[in-house]
Amino acid sequence: MYIAMAGNTDNWKTQIRKGYLELCILLLIKKQKKVYGFDLLERLSAVKLDVKEGTIYPLLNRMSADGFLSSTWETENIKGHPRKFYSLTAVGIKFLNEMNDEFKEMVTTYRQLESRTIENQAVENKGDPS
Amino acid sequence: MTGNAKQDHRLETYLSSLERVLKPFPVGDRAEIVTEIKSHILDALARDPQTRLDTVLSALGEPEMVANRYLLERGLKPAKPPISPIVKWMVVGFLGTVAMLLIFVGFLLSRFHPLITIDEPNNKLTLLGGLIKLDGDKGTFKLEGPFGGFAAVFDGSSPLNPGQSAFVKFTNGKFDIRNSDENQFNWSCRGAGSAAPKQMITDNTGLKLDLTTLVGADCELEIPENAKLIIEGANGKIELDNPRFSIGAKVTNGKIAIDPDESQEYIYDLSVTTGKIDKFVSSDKPNALAISIKINNGKISREN
């Protein structure tokens with residue numbers, strides 16, 4: 001039974017991280033104005049949001065196709081190799097704001113539910129002789 | 001690129017595989033994806049000079065898997081994974097075995113060619129390129145091995161006078177022994193073997209017939225009157241049909257059946273170590289024929 005429950009948590013974790021990750025990526029790109037893949041990976045890692053290399057590029061590709069990101073190719077100097085830099089589009093900014101609002105609401109709801117549980121626990125503890 | 005020819009090749013291989021699985025993408029998009037991934041790899045190598053290309057590629061994952069993720073994100077069907085090497089080798093092994101089997105069958109067919117030959121006018125049938133010969137008229141079945149075997153019908157005849165001995169030696173056999181019309185020792189045997197039976201004349205005492213190389217001999221022997229038959233073998237079944245000759249028989253495992261001639265007198269010397277002996281009555285007359293039989297395991301039975 002214990003093992004089965006652990007499996008369920010993993011699934012949930014994957015699900016919730018997926019949506020959360022997209023929000024964080026858009027936030028980061030907005031903050032940096034312009035960022036390339038490798039740089040993005042390092043910044044995410046810095047806030048303990050480790051993403052697999054093989055995951056982020058397809059994700060950026062899809063978000064570009066959805067119209068949230070625009071990209072340009074830039075080469076640092078003559079000897080360097082070209083890098084793809086991403087920025088938020090107007091649609092992307094709008095999408096990010098919607099995600100932000102939704103997420104804030106989720107946090108509020110969560111806080112409410114959590115505090116209520118603590119309240120109930122306190123009430124139960126009062127009436128409990130042990 | 002990476003400063004090392006081998007590594008460059010490895011990188012190119014990786015990117016080629018990636019590009020191949022990305023076929024569903026338009027050519028421009030595909031090129032951009034490959035360039036971006038390559039750019040990432042170069043950045044990763046540059047970030048830490050100690051890092052090896054293998055490490056970076058492992059972190060990325062198999063090119064097919066990375067490409068599949070691109071496809072999945074865009075709602076496209078992922079490409080089929082490459083055949084596992086285990087499956088590939090199992091298929092190779094199976095096909096190899098089939099090939100070997102076919103070669104073996106081909107060899108057999110070429111060796112035993114033609115398979116069937118029917119000779120209607122002469123009422124003969126030959127199978128497996130002459131290995132088996134059937135003669136409808138004579139009612140015989142012959143086995144002639146192409147591997148250096150010999151004709152399994154072994155017939156012969158030799159003069160044998162009263163007082164002389166026919167000495168027959170065998171390994172496994174079935175013998176039907178009866179009287180010969182004249183002073184001729186006749187034999188007719190069927191069986192297969194690796195070498196032909198030998199027949200030797202032993203000075204004046206008689207004839208020796210070595211059937212030990214026959215596997216499963218099935219013989220008919222005709223012994224002249226008042227001659228002597230000495231027969232020795234390992235496993236056998238012997239039938240003595242109204243013998244008018246003396247007999248000395250020694251069999252390790254077997255059964256000997258005697259049908260004595262009513263008008264003949266015999267002196268019996270019969271012994272079976274493990275087994276059974278039927279009742280035989282010896283005569284004390286001077287012209288009685290000696291029948292001496294020794295069996296280790298088996299039976300001496302009376303047939304009338």
# chains A, B, ... in the order shown; residues from 1 in each chain; ligands from 1
>>> select_by_dssp(residues="region 203-255 of chain B", states="strand (DSSP E)", output="PyMOL selection string")
chain B and resi 206-211+214-223+228-241+246-255
>>> closest_atom_pairs(of="chain A", to="chain B", cutoff="8 Å", atoms="only C-alpha atoms", output="tab-separated table")
residue	atom	partner	partner_atom	distance
A:Gly37	CA	B:His40	CA	7.2
A:Phe38	CA	B:His40	CA	6.0
A:Lys52	CA	B:Leu60	CA	7.3
A:Glu53	CA	B:Leu60	CA	5.3
A:Gly54	CA	B:Leu60	CA	4.7
A:Thr55	CA	B:Arg69	CA	7.1
A:Tyr57	CA	B:Ile37	CA	7.9
A:Pro58	CA	B:Tyr70	CA	4.6
A:Leu59	CA	B:Glu73	CA	6.7
A:Asn61	CA	B:Tyr70	CA	7.5
A:Arg62	CA	B:Glu73	CA	6.0
A:His81	CA	B:Ser39	CA	6.5
A:Pro82	CA	B:Ser39	CA	6.7
A:Arg83	CA	B:Ser39	CA	6.2
A:Lys84	CA	B:Glu36	CA	6.4
>>> write_last_selection(atoms="N, CA, C and O atoms", output="PDB file, in the first residue's frame")
ATOM      1  N   GLY A  37      18.709  29.372 -24.283  1.00  0.00           N
ATOM      2  CA  GLY A  37      18.392  28.116 -23.595  1.00  0.00           C
ATOM      3  C   GLY A  37      19.321  27.738 -22.465  1.00  0.00           C
ATOM      4  O   GLY A  37      18.884  27.464 -21.331  1.00  0.00           O
ATOM      5  N   PHE A  38      20.597  27.749 -22.737  1.00  0.00           N
ATOM      6  CA  PHE A  38      21.572  27.300 -21.753  1.00  0.00           C
ATOM      7  C   PHE A  38      21.568  28.200 -20.522  1.00  0.00           C
ATOM      8  O   PHE A  38      21.628  27.724 -19.381  1.00  0.00           O
ATOM      9  N   LYS A  52      15.384  19.031 -17.044  1.00  0.00           N
ATOM     10  CA  LYS A  52      16.240  18.227 -17.927  1.00  0.00           C
ATOM     11  C   LYS A  52      16.484  18.984 -19.229  1.00  0.00           C
ATOM     12  O   LYS A  52      15.573  19.586 -19.792  1.00  0.00           O
ATOM     13  N   GLU A  53      17.732  18.944 -19.673  1.00  0.00           N
ATOM     14  CA  GLU A  53      18.102  19.629 -20.911  1.00  0.00           C
ATOM     15  C   GLU A  53      17.214  19.206 -22.069  1.00  0.00           C
ATOM     16  O   GLU A  53      16.789  20.023 -22.880  1.00  0.00           O
ATOM     17  N   GLY A  54      16.968  17.882 -22.134  1.00  0.00           N
ATOM     18  CA  GLY A  54      16.184  17.349 -23.236  1.00  0.00           C
ATOM     19  C   GLY A  54      14.725  17.736 -23.168  1.00  0.00           C
ATOM     20  O   GLY A  54      13.975  17.477 -24.107  1.00  0.00           O
ATOM     21  N   THR A  55      14.308  18.373 -22.038  1.00  0.00           N
ATOM     22  CA  THR A  55      12.905  18.756 -21.867  1.00  0.00           C
ATOM     23  C   THR A  55      12.676  20.213 -22.241  1.00  0.00           C
ATOM     24  O   THR A  55      11.662  20.565 -22.838  1.00  0.00           O
ATOM     25  N   TYR A  57      14.191  22.490 -24.245  1.00  0.00           N
ATOM     26  CA  TYR A  57      14.207  22.964 -25.628  1.00  0.00           C
ATOM     27  C   TYR A  57      12.917  22.659 -26.380  1.00  0.00           C
ATOM     28  O   TYR A  57      12.377  23.543 -27.058  1.00  0.00           O
ATOM     29  N   PRO A  58      12.399  21.412 -26.251  1.00  0.00           N
ATOM     30  CA  PRO A  58      11.106  21.149 -26.892  1.00  0.00           C
ATOM     31  C   PRO A  58       9.998  22.053 -26.333  1.00  0.00           C
ATOM     32  O   PRO A  58       9.098  22.459 -27.065  1.00  0.00           O
ATOM     33  N   LEU A  59      10.103  22.353 -25.029  1.00  0.00           N
ATOM     34  CA  LEU A  59       9.098  23.206 -24.397  1.00  0.00           C
ATOM     35  C   LEU A  59       9.151  24.622 -24.970  1.00  0.00           C
ATOM     36  O   LEU A  59       8.122  25.207 -25.326  1.00  0.00           O
ATOM     37  N   ASN A  61      10.293  25.441 -27.777  1.00  0.00           N
ATOM     38  CA  ASN A  61       9.866  25.320 -29.169  1.00  0.00           C
ATOM     39  C   ASN A  61       8.348  25.390 -29.282  1.00  0.00           C
ATOM     40  O   ASN A  61       7.789  26.088 -30.141  1.00  0.00           O
ATOM     41  N   ARG A  62       7.686  24.683 -28.362  1.00  0.00           N
ATOM     42  CA  ARG A  62       6.225  24.649 -28.386  1.00  0.00           C
ATOM     43  C   ARG A  62       5.631  26.009 -28.005  1.00  0.00           C
ATOM     44  O   ARG A  62       4.684  26.496 -28.632  1.00  0.00           O
ATOM     45  N   HIS A  81      29.621  30.518 -31.683  1.00  0.00           N
ATOM     46  CA  HIS A  81      28.561  29.813 -32.389  1.00  0.00           C
ATOM     47  C   HIS A  81      27.238  30.557 -32.140  1.00  0.00           C
ATOM     48  O   HIS A  81      27.068  31.229 -31.118  1.00  0.00           O
ATOM     49  N   PRO A  82      26.293  30.425 -33.085  1.00  0.00           N
ATOM     50  CA  PRO A  82      25.023  31.157 -32.953  1.00  0.00           C
ATOM     51  C   PRO A  82      24.171  30.597 -31.823  1.00  0.00           C
ATOM     52  O   PRO A  82      24.139  29.385 -31.592  1.00  0.00           O
ATOM     53  N   ARG A  83      23.474  31.533 -31.125  1.00  0.00           N
ATOM     54  CA  ARG A  83      22.587  31.143 -30.038  1.00  0.00           C
ATOM     55  C   ARG A  83      21.195  31.692 -30.297  1.00  0.00           C
ATOM     56  O   ARG A  83      21.048  32.790 -30.825  1.00  0.00           O
ATOM     57  N   LYS A  84      20.194  30.922 -29.861  1.00  0.00           N
ATOM     58  CA  LYS A  84      18.797  31.341 -30.073  1.00  0.00           C
ATOM     59  C   LYS A  84      18.301  32.032 -28.800  1.00  0.00           C
ATOM     60  O   LYS A  84      18.198  31.411 -27.730  1.00  0.00           O
TER      61      LYS A  84
END
>>> select_by_dssp(residues="region 17-123 of chain A", states="helix (DSSP H, G or I)", output="ChimeraX atom specification")
/A:17-32,37-46,53-65,90-123
>>> write_last_selection(atoms="C-alpha atoms", output="compact mmCIF listing (two decimals), in the first residue's frame")
# COMPACT_ATOMS: atom_id res chain seq x y z
CA ARG A 17 5.57 20.79 -11.90
CA LYS A 18 4.74 20.92 -15.58
CA GLY A 19 2.33 23.82 -15.24
CA TYR A 20 4.44 25.53 -12.58
CA LEU A 21 7.55 25.25 -14.72
CA GLU A 22 5.97 27.03 -17.66
CA LEU A 23 4.96 29.89 -15.40
CA CYS A 24 8.48 30.16 -13.99
CA ILE A 25 10.09 30.08 -17.42
CA LEU A 26 7.87 32.89 -18.69
CA LEU A 27 8.57 34.89 -15.54
CA LEU A 28 12.30 34.49 -16.00
CA ILE A 29 12.22 35.43 -19.67
CA LYS A 30 10.14 38.51 -18.81
CA LYS A 31 12.64 39.53 -16.16
CA GLN A 32 15.68 39.03 -18.42
CA GLY A 37 18.39 28.12 -23.59
CA PHE A 38 21.57 27.30 -21.75
CA ASP A 39 21.41 30.50 -19.72
CA LEU A 40 17.79 29.77 -18.84
CA LEU A 41 18.75 26.30 -17.59
CA GLU A 42 21.37 27.78 -15.28
CA ARG A 43 19.00 30.38 -13.85
CA LEU A 44 16.33 27.76 -13.18
CA SER A 45 18.92 25.56 -11.52
CA ALA A 46 19.90 28.50 -9.29
CA GLU A 53 18.10 19.63 -20.91
CA GLY A 54 16.18 17.35 -23.24
CA THR A 55 12.90 18.76 -21.87
CA ILE A 56 13.38 22.53 -21.97
CA TYR A 57 14.21 22.96 -25.63
CA PRO A 58 11.11 21.15 -26.89
CA LEU A 59 9.10 23.21 -24.40
CA LEU A 60 10.52 26.52 -25.64
CA ASN A 61 9.87 25.32 -29.17
CA ARG A 62 6.23 24.65 -28.39
CA MET A 63 5.71 27.94 -26.58
CA SER A 64 7.17 29.72 -29.60
CA ALA A 65 4.79 27.83 -31.88
CA ALA A 90 2.56 40.60 -26.41
CA VAL A 91 0.46 37.45 -26.36
CA GLY A 92 3.05 35.88 -24.13
CA ILE A 93 2.85 38.74 -21.62
CA LYS A 94 -0.95 38.50 -21.56
CA PHE A 95 -0.73 34.73 -21.07
CA LEU A 96 1.78 35.17 -18.28
CA ASN A 97 -0.49 37.63 -16.46
CA GLU A 98 -3.40 35.20 -16.66
CA MET A 99 -1.20 32.39 -15.35
CA ASN A 100 0.01 34.66 -12.55
CA ASP A 101 -3.53 35.53 -11.47
CA GLU A 102 -4.59 31.90 -11.58
CA PHE A 103 -1.59 30.82 -9.59
CA LYS A 104 -2.11 33.51 -6.93
CA GLU A 105 -5.67 32.35 -6.52
CA MET A 106 -4.46 28.77 -6.11
CA VAL A 107 -2.05 29.86 -3.38
CA THR A 108 -4.80 31.78 -1.58
CA THR A 109 -7.15 28.80 -1.68
CA TYR A 110 -4.39 26.56 -0.50
CA ARG A 111 -3.59 28.86 2.44
CA GLN A 112 -7.24 28.95 3.41
CA LEU A 113 -7.60 25.21 3.36
CA GLU A 114 -4.41 24.68 5.25
CA SER A 115 -5.23 27.17 8.02
CA ARG A 116 -8.70 25.68 8.42
CA THR A 117 -7.16 22.30 8.94
CA ILE A 118 -4.88 23.75 11.62
CA GLU A 119 -7.89 25.46 13.25
CA ASN A 120 -9.81 22.17 13.33
CA GLN A 121 -6.86 20.37 14.78
CA ALA A 122 -6.62 23.00 17.56
CA VAL A 123 -10.35 22.59 18.38
>>> atom_distance(atom1="CA of Ala217 (chain B)", atom2="CA of Lys276 (chain B)")
24.6 Å
>>> atom_distance(atom1="CA of Ser71 (chain A)", atom2="CA of Lys23 (chain B)")
22.0 Å
>>> atom_distance(atom1="CA of Ser110 (chain B)", atom2="CA of Gly129 (chain B)")
8.9 Å
>>> closest_residue(among="B:Gly298, B:Ile231, B:Glu64, B:Leu95", to="Lys80 (chain B)", atoms="only C-alpha atoms")
B:Glu64
>>> closest_residue(among="A:Val35, A:Asp66, A:Trp73, A:Asp50", to="Ser87 (chain A)", atoms="only C-alpha atoms")
A:Val35
